[in-house]
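Novice: Pasting protein_19.txt here (compact mmCIF, C-alpha atoms and all ligand atoms):
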# COMPACT_ATOMS: atom_id res chain seq x y z
CA MET A 1 94.10 90.69 66.25
CA ASP A 2 93.91 93.64 63.87
CA TYR A 3 95.41 97.00 64.81
CA LYS A 4 95.03 100.24 62.82
CA ILE A 5 98.11 102.43 63.00
CA THR A 6 98.55 105.95 61.63
CA LEU A 7 102.08 106.52 60.36
CA ILE A 8 103.50 110.04 60.26
CA PRO A 9 106.89 109.86 58.54
CA GLY A 10 107.31 113.67 58.66
CA ASP A 11 110.48 115.39 57.51
CA GLY A 12 114.25 114.84 57.43
CA ILE A 13 115.19 111.35 58.61
CA GLY A 14 111.53 110.72 59.64
CA PRO A 15 110.54 108.65 56.56
CA GLU A 16 113.68 106.47 56.83
CA ILE A 17 113.26 105.58 60.52
CA VAL A 18 109.48 105.12 60.38
CA GLU A 19 109.92 102.68 57.49
CA GLU A 20 112.27 100.53 59.60
CA ALA A 21 109.87 100.59 62.56
CA ARG A 22 107.01 99.58 60.24
CA GLN A 23 109.01 96.59 59.06
CA VAL A 24 109.66 95.61 62.67
CA LEU A 25 105.91 95.76 63.39
CA ASP A 26 105.22 93.62 60.33
CA ARG A 27 107.76 91.09 61.52
CA VAL A 28 106.08 91.00 64.96
CA GLY A 29 102.76 90.47 63.18
CA GLU A 30 104.20 87.58 61.17
CA VAL A 31 105.80 85.86 64.16
CA TYR A 32 102.97 86.36 66.65
CA GLY A 33 99.95 86.25 64.34
CA HIS A 34 98.72 89.87 64.48
CA ARG A 35 97.70 92.15 61.63
CA PHE A 36 98.87 95.74 61.59
CA SER A 37 97.33 97.99 58.95
CA TYR A 38 98.68 101.45 58.25
CA LYS A 39 97.48 104.80 56.96
CA LYS A 40 100.08 107.45 56.24
CA ILE A 41 99.39 111.13 56.86
CA LEU A 42 101.46 114.23 56.24
CA MET A 43 102.57 116.47 59.08
CA GLY A 44 105.22 119.17 59.40
CA GLY A 45 107.15 120.64 56.48
CA CYS A 46 105.88 118.07 53.97
CA SER A 47 102.29 119.03 54.86
CA ILE A 48 103.15 122.73 54.48
CA ASP A 49 104.49 121.98 50.99
CA ALA A 50 101.39 120.01 50.03
CA PHE A 51 98.58 121.93 51.80
CA GLY A 52 100.03 125.16 53.21
CA VAL A 53 99.49 124.08 56.84
CA PRO A 54 101.50 121.72 59.11
CA LEU A 55 98.50 119.49 59.87
CA THR A 56 95.17 119.33 58.05
CA ASP A 57 91.86 118.53 59.78
CA GLU A 58 91.58 115.42 57.57
CA ALA A 59 94.98 114.15 58.70
CA LEU A 60 94.03 114.70 62.35
CA GLU A 61 90.77 112.85 61.77
CA THR A 62 92.65 109.88 60.27
CA ALA A 63 94.89 109.76 63.36
CA ARG A 64 91.85 110.00 65.65
CA ASN A 65 90.19 107.06 63.92
CA SER A 66 93.16 104.74 64.37
CA ASP A 67 94.28 102.65 67.36
CA SER A 68 97.56 104.54 67.74
CA VAL A 69 100.05 106.76 65.95
CA LEU A 70 103.73 106.30 65.10
CA LEU A 71 105.62 109.50 64.31
CA GLY A 72 109.12 110.00 62.91
CA ALA A 73 109.95 113.69 63.35
CA VAL A 74 109.02 117.02 61.80
CA GLY A 75 110.92 120.16 60.96
CA GLY A 76 113.74 121.34 58.78
CA ASN A 77 116.95 123.19 59.24
CA VAL A 78 115.63 126.01 61.47
CA GLY A 79 118.16 128.63 60.35
CA ASN A 80 117.88 127.83 56.69
CA SER A 81 114.53 126.56 55.49
CA ARG A 82 111.54 127.96 53.62
CA TRP A 83 109.26 126.55 56.34
CA TYR A 84 110.35 129.14 58.93
CA ASP A 85 109.62 132.44 57.12
CA VAL A 86 106.01 132.23 58.29
CA ALA A 87 103.93 132.80 61.44
CA PRO A 88 104.78 130.37 64.32
CA ASN A 89 101.41 128.60 64.00
CA LEU A 90 102.25 127.68 60.38
CA ARG A 91 105.72 126.24 61.08
CA PRO A 92 106.36 122.47 61.01
CA GLU A 93 106.51 122.06 64.81
CA ALA A 94 103.03 123.61 65.16
CA GLY A 95 101.78 120.29 63.77
CA LEU A 96 103.10 118.57 66.90
CA LEU A 97 101.20 120.87 69.24
CA ALA A 98 98.06 120.55 67.13
CA ILE A 99 98.10 116.76 67.09
CA ARG A 100 98.83 116.46 70.84
CA LYS A 101 95.96 118.82 71.60
CA GLY A 102 93.64 117.30 68.99
CA LEU A 103 94.16 113.78 70.38
CA GLY A 104 93.95 114.79 74.07
CA LEU A 105 97.44 113.50 74.87
CA PHE A 106 98.30 114.56 78.43
CA ALA A 107 100.79 111.93 79.62
CA ASN A 108 104.31 112.01 78.26
CA ILE A 109 106.40 108.92 78.92
CA ARG A 110 110.13 108.90 78.28
CA PRO A 111 112.22 105.86 79.18
CA ALA A 112 115.90 106.30 80.03
CA TYR A 113 117.70 102.99 79.80
CA LEU A 114 121.43 102.41 79.78
CA TYR A 115 122.62 99.64 77.47
CA LYS A 116 125.84 98.31 78.96
CA GLU A 117 127.30 98.15 75.43
CA LEU A 118 126.87 101.95 75.18
CA ALA A 119 127.96 102.80 78.72
CA GLY A 120 131.02 104.58 77.30
CA ALA A 121 128.67 107.37 76.10
CA CYS A 122 127.23 107.84 79.61
CA PRO A 123 128.79 110.90 81.27
CA LEU A 124 128.57 109.35 84.76
CA LYS A 125 131.40 107.51 86.54
CA ASP A 126 131.37 103.70 86.52
CA SER A 127 130.94 103.70 90.29
CA VAL A 128 127.73 105.75 89.88
CA ILE A 129 126.43 103.71 86.95
CA GLY A 130 126.76 100.49 88.97
CA ASN A 131 124.51 97.88 87.37
CA GLY A 132 123.01 100.48 85.03
CA PHE A 133 119.59 102.11 85.12
CA ASP A 134 116.17 101.60 83.58
CA MET A 135 113.55 104.24 84.35
CA VAL A 136 110.64 106.05 82.77
CA ILE A 137 109.84 109.68 83.37
CA MET A 138 106.08 110.26 83.35
CA ARG A 139 105.45 113.95 82.73
CA GLU A 140 102.08 115.74 82.82
CA LEU A 141 101.87 117.51 79.48
CA THR A 142 98.88 119.84 79.34
CA GLY A 143 98.70 121.66 82.69
CA GLY A 144 100.87 123.58 85.15
CA LEU A 145 103.07 126.58 84.58
CA TYR A 146 103.24 126.35 80.77
CA PHE A 147 99.46 126.65 80.44
CA GLY A 148 98.57 129.00 83.33
CA GLU A 149 97.51 132.64 83.12
CA ARG A 150 100.43 135.01 82.47
CA TYR A 151 101.25 138.62 81.81
CA THR A 152 104.09 141.10 81.48
CA LYS A 153 103.07 144.65 82.34
CA GLU A 154 104.15 147.81 84.08
CA ILE A 155 102.94 148.02 87.67
CA ASN A 156 103.73 151.23 89.58
CA GLY A 157 106.36 152.09 86.96
CA VAL A 158 108.14 148.72 87.22
CA MET A 159 107.99 146.06 84.52
CA THR A 160 106.55 142.94 86.15
CA ALA A 161 105.93 139.46 84.76
CA MET A 162 103.70 136.75 86.20
CA ASP A 163 103.15 133.07 85.39
CA THR A 164 100.74 130.84 87.27
CA LEU A 165 100.95 127.16 88.10
CA VAL A 166 97.50 125.58 88.30
CA TYR A 167 96.56 121.91 88.71
CA SER A 168 93.12 120.44 89.38
CA GLU A 169 92.55 117.18 91.25
CA GLU A 170 91.32 115.55 88.02
CA GLU A 171 94.45 116.50 86.08
CA ILE A 172 96.65 115.02 88.81
CA ARG A 173 94.55 111.88 89.24
CA ARG A 174 94.54 110.88 85.56
CA ILE A 175 98.33 111.14 85.18
CA ALA A 176 98.89 109.36 88.51
CA VAL A 177 96.66 106.47 87.35
CA LYS A 178 98.75 106.20 84.17
CA ALA A 179 101.99 106.14 86.19
CA PHE A 180 100.72 103.38 88.50
CA ASP A 181 99.38 101.37 85.53
CA ILE A 182 102.80 101.52 83.90
CA ALA A 183 104.57 100.70 87.18
CA MET A 184 102.46 97.50 87.31
CA LYS A 185 104.07 96.46 84.01
CA ARG A 186 107.55 97.23 85.39
CA ARG A 187 109.29 96.98 88.79
CA LYS A 188 106.26 98.32 90.72
CA SER A 189 107.82 101.45 92.13
CA VAL A 190 106.63 105.06 91.68
CA ILE A 191 108.66 108.05 92.83
CA SER A 192 106.41 111.11 92.72
CA VAL A 193 108.38 114.34 92.37
CA ASP A 194 107.10 117.68 93.65
CA LYS A 195 108.05 120.78 95.62
CA ALA A 196 105.57 120.24 98.45
CA ASN A 197 107.73 122.15 100.95
CA VAL A 198 106.88 125.35 99.02
CA LEU A 199 104.06 124.99 96.48
CA ASP A 200 100.33 124.54 97.13
CA SER A 201 99.96 122.78 93.76
CA SER A 202 102.57 120.26 94.94
CA ARG A 203 100.75 119.63 98.21
CA LEU A 204 97.56 118.85 96.27
CA TRP A 205 99.65 116.71 93.91
CA ARG A 206 100.99 114.67 96.86
CA LYS A 207 97.52 114.21 98.39
CA VAL A 208 95.92 112.99 95.14
CA VAL A 209 98.85 110.69 94.28
CA GLU A 210 98.50 109.11 97.72
CA GLU A 211 94.79 108.53 97.12
CA VAL A 212 95.50 106.86 93.77
CA ALA A 213 98.23 104.70 95.35
CA LYS A 214 95.59 103.04 97.56
CA ASP A 215 94.22 101.31 94.45
CA TYR A 216 97.66 99.82 93.70
CA PRO A 217 98.75 98.01 96.88
CA GLU A 218 101.52 96.16 95.00
CA VAL A 219 103.23 99.41 93.98
CA THR A 220 105.60 101.21 96.36
CA LEU A 221 105.10 104.98 96.38
CA THR A 222 107.85 107.37 97.49
CA HIS A 223 107.78 111.18 97.39
CA MET A 224 110.86 113.16 96.42
CA LEU A 225 111.45 116.90 96.20
CA VAL A 226 112.40 118.05 92.72
CA ASP A 227 115.78 119.55 93.71
CA ASN A 228 116.73 116.29 95.41
CA CYS A 229 115.53 114.32 92.35
CA ALA A 230 117.80 116.35 90.04
CA MET A 231 120.74 115.35 92.28
CA GLN A 232 119.69 111.73 92.73
CA LEU A 233 119.47 111.22 88.95
CA VAL A 234 123.21 111.76 88.67
CA MET A 235 124.16 110.25 92.05
CA ASN A 236 122.13 107.05 92.08
CA PRO A 237 120.13 106.65 88.84
CA GLY A 238 119.59 102.94 89.51
CA GLN A 239 117.02 103.70 92.24
CA PHE A 240 114.36 104.99 89.80
CA ASP A 241 111.65 102.93 88.12
CA VAL A 242 108.67 105.22 87.32
CA VAL A 243 109.17 108.92 88.04
CA LEU A 244 105.84 110.76 88.15
CA THR A 245 105.86 114.54 87.92
CA GLU A 246 104.20 117.72 86.69
CA ASN A 247 104.85 119.53 83.44
CA MET A 248 107.80 121.85 84.09
CA PHE A 249 109.64 119.53 86.50
CA GLY A 250 109.17 116.71 83.97
CA ASP A 251 110.44 118.87 81.11
CA ILE A 252 113.72 119.41 82.93
CA LEU A 253 114.12 115.99 84.57
CA SER A 254 113.34 114.04 81.39
CA ASP A 255 116.11 115.89 79.54
CA GLU A 256 118.50 115.22 82.40
CA ALA A 257 117.57 111.53 82.42
CA SER A 258 118.00 111.20 78.65
CA MET A 259 121.35 113.02 78.79
CA ILE A 260 122.79 110.42 81.16
CA THR A 261 122.03 107.63 78.68
CA GLY A 262 124.35 109.48 76.28
CA SER A 263 122.71 108.34 73.01
CA ILE A 264 120.01 110.48 71.41
CA GLY A 265 119.34 107.96 68.64
CA MET A 266 118.23 105.36 71.19
CA LEU A 267 115.55 107.26 73.14
CA SER A 268 111.90 106.41 72.61
CA SER A 269 108.84 108.25 73.92
CA ALA A 270 105.06 108.10 74.09
CA SER A 271 102.26 110.57 74.72
CA MET A 272 98.98 109.04 75.81
CA ASN A 273 95.37 110.01 76.40
CA GLU A 274 93.11 108.82 79.17
CA GLY A 275 92.62 105.45 77.52
CA LYS A 276 95.04 103.23 75.61
CA PHE A 277 95.54 105.59 72.69
CA GLY A 278 99.03 106.96 72.23
CA LEU A 279 101.35 108.78 69.89
CA TYR A 280 104.78 107.14 69.84
CA GLU A 281 107.90 108.90 68.60
CA PRO A 282 111.66 109.05 69.08
CA SER A 283 112.85 111.79 71.47
CA HIS A 284 115.13 113.28 68.82
CA GLY A 285 114.28 115.60 65.94
CA SER A 286 114.37 115.30 62.15
CA ALA A 287 118.18 115.52 61.91
CA PRO A 288 118.22 117.33 58.51
CA ASP A 289 122.04 117.12 58.51
CA ILE A 290 121.96 113.36 57.87
CA ALA A 291 118.61 112.96 56.07
CA GLY A 292 118.59 110.68 53.03
CA LYS A 293 122.10 109.34 53.75
CA ASP A 294 121.15 105.99 55.33
CA MET A 295 122.97 107.14 58.48
CA ALA A 296 120.09 107.67 60.94
CA ASN A 297 119.77 105.37 63.92
CA PRO A 298 116.28 103.81 63.68
CA ILE A 299 116.42 102.26 67.19
CA ALA A 300 114.61 105.10 69.05
CA THR A 301 111.69 104.76 66.63
CA ILE A 302 111.75 100.96 66.78
CA LEU A 303 111.70 101.12 70.60
CA SER A 304 108.82 103.62 70.36
CA ALA A 305 106.93 101.01 68.32
CA ALA A 306 107.70 98.50 71.11
CA MET A 307 106.17 100.92 73.63
CA MET A 308 103.08 101.06 71.41
CA LEU A 309 102.81 97.27 71.49
CA SER A 310 102.88 97.24 75.28
CA TYR A 311 101.04 100.41 76.31
CA SER A 312 98.38 100.68 73.59
CA PHE A 313 97.84 97.03 72.63
CA ASP A 314 98.90 95.17 75.82
CA LEU A 315 101.19 92.99 73.69
CA ASP A 316 103.88 92.81 76.37
CA LYS A 317 105.53 89.63 75.12
CA GLU A 318 105.83 91.10 71.62
CA ALA A 319 107.26 94.38 72.98
CA GLU A 320 109.84 92.40 74.90
CA ALA A 321 110.78 90.46 71.74
CA VAL A 322 111.56 93.78 70.00
CA GLU A 323 113.57 95.06 72.97
CA ASN A 324 115.49 91.79 73.13
CA ALA A 325 116.24 91.99 69.39
CA VAL A 326 117.66 95.51 69.86
CA GLN A 327 119.73 94.29 72.79
CA GLN A 328 121.01 91.39 70.68
CA VAL A 329 122.23 93.51 67.74
CA LEU A 330 124.10 95.75 70.18
CA THR A 331 125.65 92.75 71.92
CA GLU A 332 126.71 91.43 68.49
CA GLY A 333 128.50 94.74 67.91
CA TYR A 334 126.36 96.36 65.19
CA ARG A 335 126.28 100.16 65.38
CA THR A 336 124.92 103.05 63.31
CA PRO A 337 127.44 105.91 62.94
CA ASP A 338 126.06 107.93 65.91
CA ILE A 339 126.87 105.14 68.41
CA MET A 340 129.88 103.68 66.61
CA SER A 341 132.93 102.77 68.66
CA GLU A 342 136.18 100.95 68.01
CA GLY A 343 135.93 97.25 67.22
CA CYS A 344 132.21 97.44 66.30
CA LYS A 345 130.58 96.86 62.90
CA LYS A 346 129.21 100.02 61.28
CA VAL A 347 125.79 99.64 59.56
CA GLY A 348 123.30 102.02 57.96
CA THR A 349 119.65 102.68 58.83
CA LYS A 350 118.24 99.94 56.58
CA GLU A 351 120.72 97.30 57.66
CA MET A 352 120.12 98.04 61.35
CA GLY A 353 116.37 97.65 60.78
CA ARG A 354 116.89 94.39 58.93
CA LEU A 355 119.17 92.95 61.61
CA ILE A 356 116.60 93.76 64.31
CA CYS A 357 113.73 92.20 62.29
CA GLU A 358 115.78 89.05 61.78
CA ARG A 359 116.22 88.65 65.55
CA ILE A 360 112.54 88.88 66.45
CA LYS A 361 111.42 85.39 67.33
P1 LIG A 401 117.88 116.69 66.20
O1 LIG A 401 117.50 115.79 67.31
O2 LIG A 401 117.15 116.54 64.93
O3 LIG A 401 119.45 116.54 65.89
C1 LIG A 401 120.47 116.79 66.86
C2 LIG A 401 121.74 116.02 66.46
O4 LIG A 401 121.53 114.63 66.72
C3 LIG A 401 122.08 116.13 64.97
O5 LIG A 401 123.47 116.13 64.82
C4 LIG A 401 121.52 114.85 64.37
O6 LIG A 401 122.20 114.41 63.22
C5 LIG A 401 121.65 113.86 65.53
N1 LIG A 401 120.58 112.85 65.51
C6 LIG A 401 119.28 113.04 65.87
N2 LIG A 401 118.59 111.91 65.71
C7 LIG A 401 119.46 110.99 65.25
C8 LIG A 401 119.33 109.63 64.86
N3 LIG A 401 118.17 108.96 64.94
N4 LIG A 401 120.43 108.99 64.41
C9 LIG A 401 121.62 109.62 64.32
N5 LIG A 401 121.80 110.91 64.67
C10 LIG A 401 120.73 111.59 65.12
O7 LIG A 401 117.73 118.18 66.76
P2 LIG A 401 117.89 119.59 66.02
O8 LIG A 401 119.01 119.54 65.03
O9 LIG A 401 117.90 120.60 67.09
O10 LIG A 401 116.52 119.79 65.23
C11 LIG A 401 116.33 119.47 63.84
C12 LIG A 401 114.88 119.68 63.48
O11 LIG A 401 114.05 118.76 64.23
C13 LIG A 401 114.35 121.08 63.86
O12 LIG A 401 113.50 121.51 62.84
C14 LIG A 401 113.59 120.85 65.15
O13 LIG A 401 112.59 121.82 65.37
C15 LIG A 401 113.00 119.48 64.88
N6 LIG A 401 112.57 118.71 66.07
C16 LIG A 401 111.48 117.94 65.92
C17 LIG A 401 111.05 117.14 66.97
C18 LIG A 401 109.84 116.27 66.77
O14 LIG A 401 109.42 116.10 65.64
N7 LIG A 401 109.28 115.72 67.81
C19 LIG A 401 111.78 117.12 68.16
C20 LIG A 401 112.94 117.89 68.27
C21 LIG A 401 113.35 118.69 67.20
Output the file's structure in the form of structure tokens.
Ligand code: NAD
Specialist:
Amino acid sequence: MDYKITLIPGDGIGPEIVEEARQVLDRVGEVYGHRFSYKKILMGGCSIDAFGVPLTDEALETARNSDSVLLGAVGGNVGNSRWYDVAPNLRPEAGLLAIRKGLGLFANIRPAYLYKELAGACPLKDSVIGNGFDMVIMRELTGGLYFGERYTKEINGVMTAMDTLVYSEEEIRRIAVKAFDIAMKRRKSVISVDKANVLDSSRLWRKVVEEVAKDYPEVTLTHMLVDNCAMQLVMNPGQFDVVLTENMFGDILSDEASMITGSIGMLSSASMNEGKFGLYEPSHGSAPDIAGKDMANPIATILSAAMMLSYSFDLDKEAEAVENAVQQVLTEGYRTPDIMSEGCKKVGTKEMGRLICERIK
């Protein structure tokens, strides 16, 4: 089949890591008989340099007309870059907000997987790590506290600030459906995280998630309070498969989950709309400190491309082939500098990409 992919190399290490992920996709195409065609667009600092804005309407339209989007990262050195002496809506990162909004991406999916070869970077004790962990955090991205009505004003002579946390049934249902769909591709377990002992929005969340669960009899649904979830992630991370939660809880829990994997260069992510369309990107930033030095770890971006194969194109076998190839290079001891340890073989960005391509069968 033919798939149209928009590539957004972006800034810093973005172009280097996106190029490796593109080669991996081409290799998958070759081995499995698919055709991936690409259109590149500018976003972030490079778009500011070329057009004066972080994302043009034309670039957004190109992304909208494709089957999915692969992004590297945007942004420069925040303390020391010409891109930051401007209004916030003209800075590189404003491109990210604009594209997420413009493409209606409301479901953020961040896997946290511990490779046993990298377990030394995990801050948890061996007894807690056990047989490792493999979870995805599914975070609602466009509702809740970050988007509710707010003010800061003086009331009766006292400065007072208010934020509001609003969720509608529809907003909860569409993210719950996504979580159950993804659980069906995994170990068929959803843990829905809320604060239903206190918050009305959480009680509605629980009710709607339970309704959605009825359509997925094969999936086990458990509810967990957010404070307990924060503890369980570091006490027994192996129990989680799909963690479904609202915007602010997900913001915090997804960072906690990625922290316990210990390796920022390995963490993929996706943001999806109501259908199969998604924007796939590594969880890390543009790493200006190592840009252009062939030192960046391309694995997070390559694994993001694997998520695209599975979630947007339903090419599960192909996604697994990419994941297995990554696993194999790690088992063989190849490491980029960020994950290097004694006795391993140090390789650069390009060589790591090539080794992974070679192992896709
Ligand atoms: P960062 O993730 O870019 O870098 C943090 C540290 O991790 C750096 O030491 C970097 O060298 C290292 N690192 C990151 N990715 C790596 C990789 N693939 N391989 C090896 N090492 C890697 O975070 P930062 O320094 O806080 O931000 C740099 C720029 O990226 C800023 O402009 C920030 O706004 C932007 N940013 C963009 C995104 C995005 O595009 N989605 C996300 C986060 C930050």
Novice: Could the residues of stretch 51-94 of chain A that have an atom at most 12 Å from stretch 34-37 of chain A be listed as a Markdown table, each with its closest atom pair and the distance in Å to one decimal, counting all atoms listed in the file and ordered by chain and ascending residue number?
Specialist:
| residue | atom | partner | partner_atom | distance |
| --- | --- | --- | --- | --- |
| A:Ser66 | CA | A:Ser37 | CA | 9.6 |
| A:Asp67 | CA | A:Ser37 | CA | 10.1 |
| A:Ser68 | CA | A:Phe36 | CA | 10.8 |
| A:Val69 | CA | A:Ser37 | CA | 11.5 |
Novice: Within 12 Å of stretch 30-33 of chain A, counting only C-alpha atoms, which residues qualify if same-chain residues fewer than 5 places away don't, as a PDB file with C-alpha atoms, keeping the file's coordinate frame?
Specialist:
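Generated output (part.pdb):
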ATOM      1  CA  MET A   1      94.100  90.690  66.250  1.00  0.00           C
ATOM      2  CA  ASP A   2      93.910  93.640  63.870  1.00  0.00           C
ATOM      3  CA  TYR A   3      95.410  97.000  64.810  1.00  0.00           C
ATOM      4  CA  GLN A  23     109.010  96.590  59.060  1.00  0.00           C
ATOM      5  CA  VAL A  24     109.660  95.610  62.670  1.00  0.00           C
ATOM      6  CA  LEU A  25     105.910  95.760  63.390  1.00  0.00           C
ATOM      7  CA  LEU A 309     102.810  97.270  71.490  1.00  0.00           C
ATOM      8  CA  LEU A 315     101.190  92.990  73.690  1.00  0.00           C
ATOM      9  CA  ASP A 316     103.880  92.810  76.370  1.00  0.00           C
ATOM     10  CA  LYS A 317     105.530  89.630  75.120  1.00  0.00           C
ATOM     11  CA  GLU A 318     105.830  91.100  71.620  1.00  0.00           C
ATOM     12  CA  ALA A 319     107.260  94.380  72.980  1.00  0.00           C
ATOM     13  CA  ALA A 321     110.780  90.460  71.740  1.00  0.00           C
ATOM     14  CA  VAL A 322     111.560  93.780  70.000  1.00  0.00           C
ATOM     15  CA  CYS A 357     113.730  92.200  62.290  1.00  0.00           C
ATOM     16  CA  GLU A 358     115.780  89.050  61.780  1.00  0.00           C
ATOM     17  CA  ARG A 359     116.220  88.650  65.550  1.00  0.00           C
ATOM     18  CA  ILE A 360     112.540  88.880  66.450  1.00  0.00           C
ATOM     19  CA  LYS A 361     111.420  85.390  67.330  1.00  0.00           C
TER      20      LYS A 361
END
Novice: Produce as a compact mmCIF listing (two decimals) with C-alpha atoms, keeping the file's coordinate frame the set of residues near ligand LIG 401 (chain A), where near means within 6 Å with only C-alpha atoms and all ligand atoms considered.
Specialist:
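The resulting file, out_14.txt, is shown below:
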# COMPACT_ATOMS: atom_id res chain seq x y z
CA ALA A 73 109.95 113.69 63.35
CA VAL A 74 109.02 117.02 61.80
CA GLY A 75 110.92 120.16 60.96
CA GLY A 76 113.74 121.34 58.78
CA ASN A 77 116.95 123.19 59.24
CA VAL A 78 115.63 126.01 61.47
CA GLY A 265 119.34 107.96 68.64
CA HIS A 284 115.13 113.28 68.82
CA GLY A 285 114.28 115.60 65.94
CA SER A 286 114.37 115.30 62.15
CA ALA A 287 118.18 115.52 61.91
CA ASP A 289 122.04 117.12 58.51
CA ILE A 290 121.96 113.36 57.87
CA ALA A 296 120.09 107.67 60.94
CA ASN A 297 119.77 105.37 63.92
CA PRO A 298 116.28 103.81 63.68
CA ASP A 338 126.06 107.93 65.91
Novice: Which is closest to A:Asn247 among A:Glu93, A:Asp294, A:Asp49, A:Glu171, if we use only C-alpha atoms?
Specialist: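 When distances to A:Asn247 are compared using only C-alpha atoms, the smallest one comes from A:Glu171.
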Novice: Which residues are close to A:Met224, i.e. within 12 Å by all atoms listed in the file, leaving aside same-chain residues fewer than 4 positions away? Reply as an MDAnalysis selection string.
Specialist: chainID A and resid 190:197 202 206 228:233 240 243:245 249
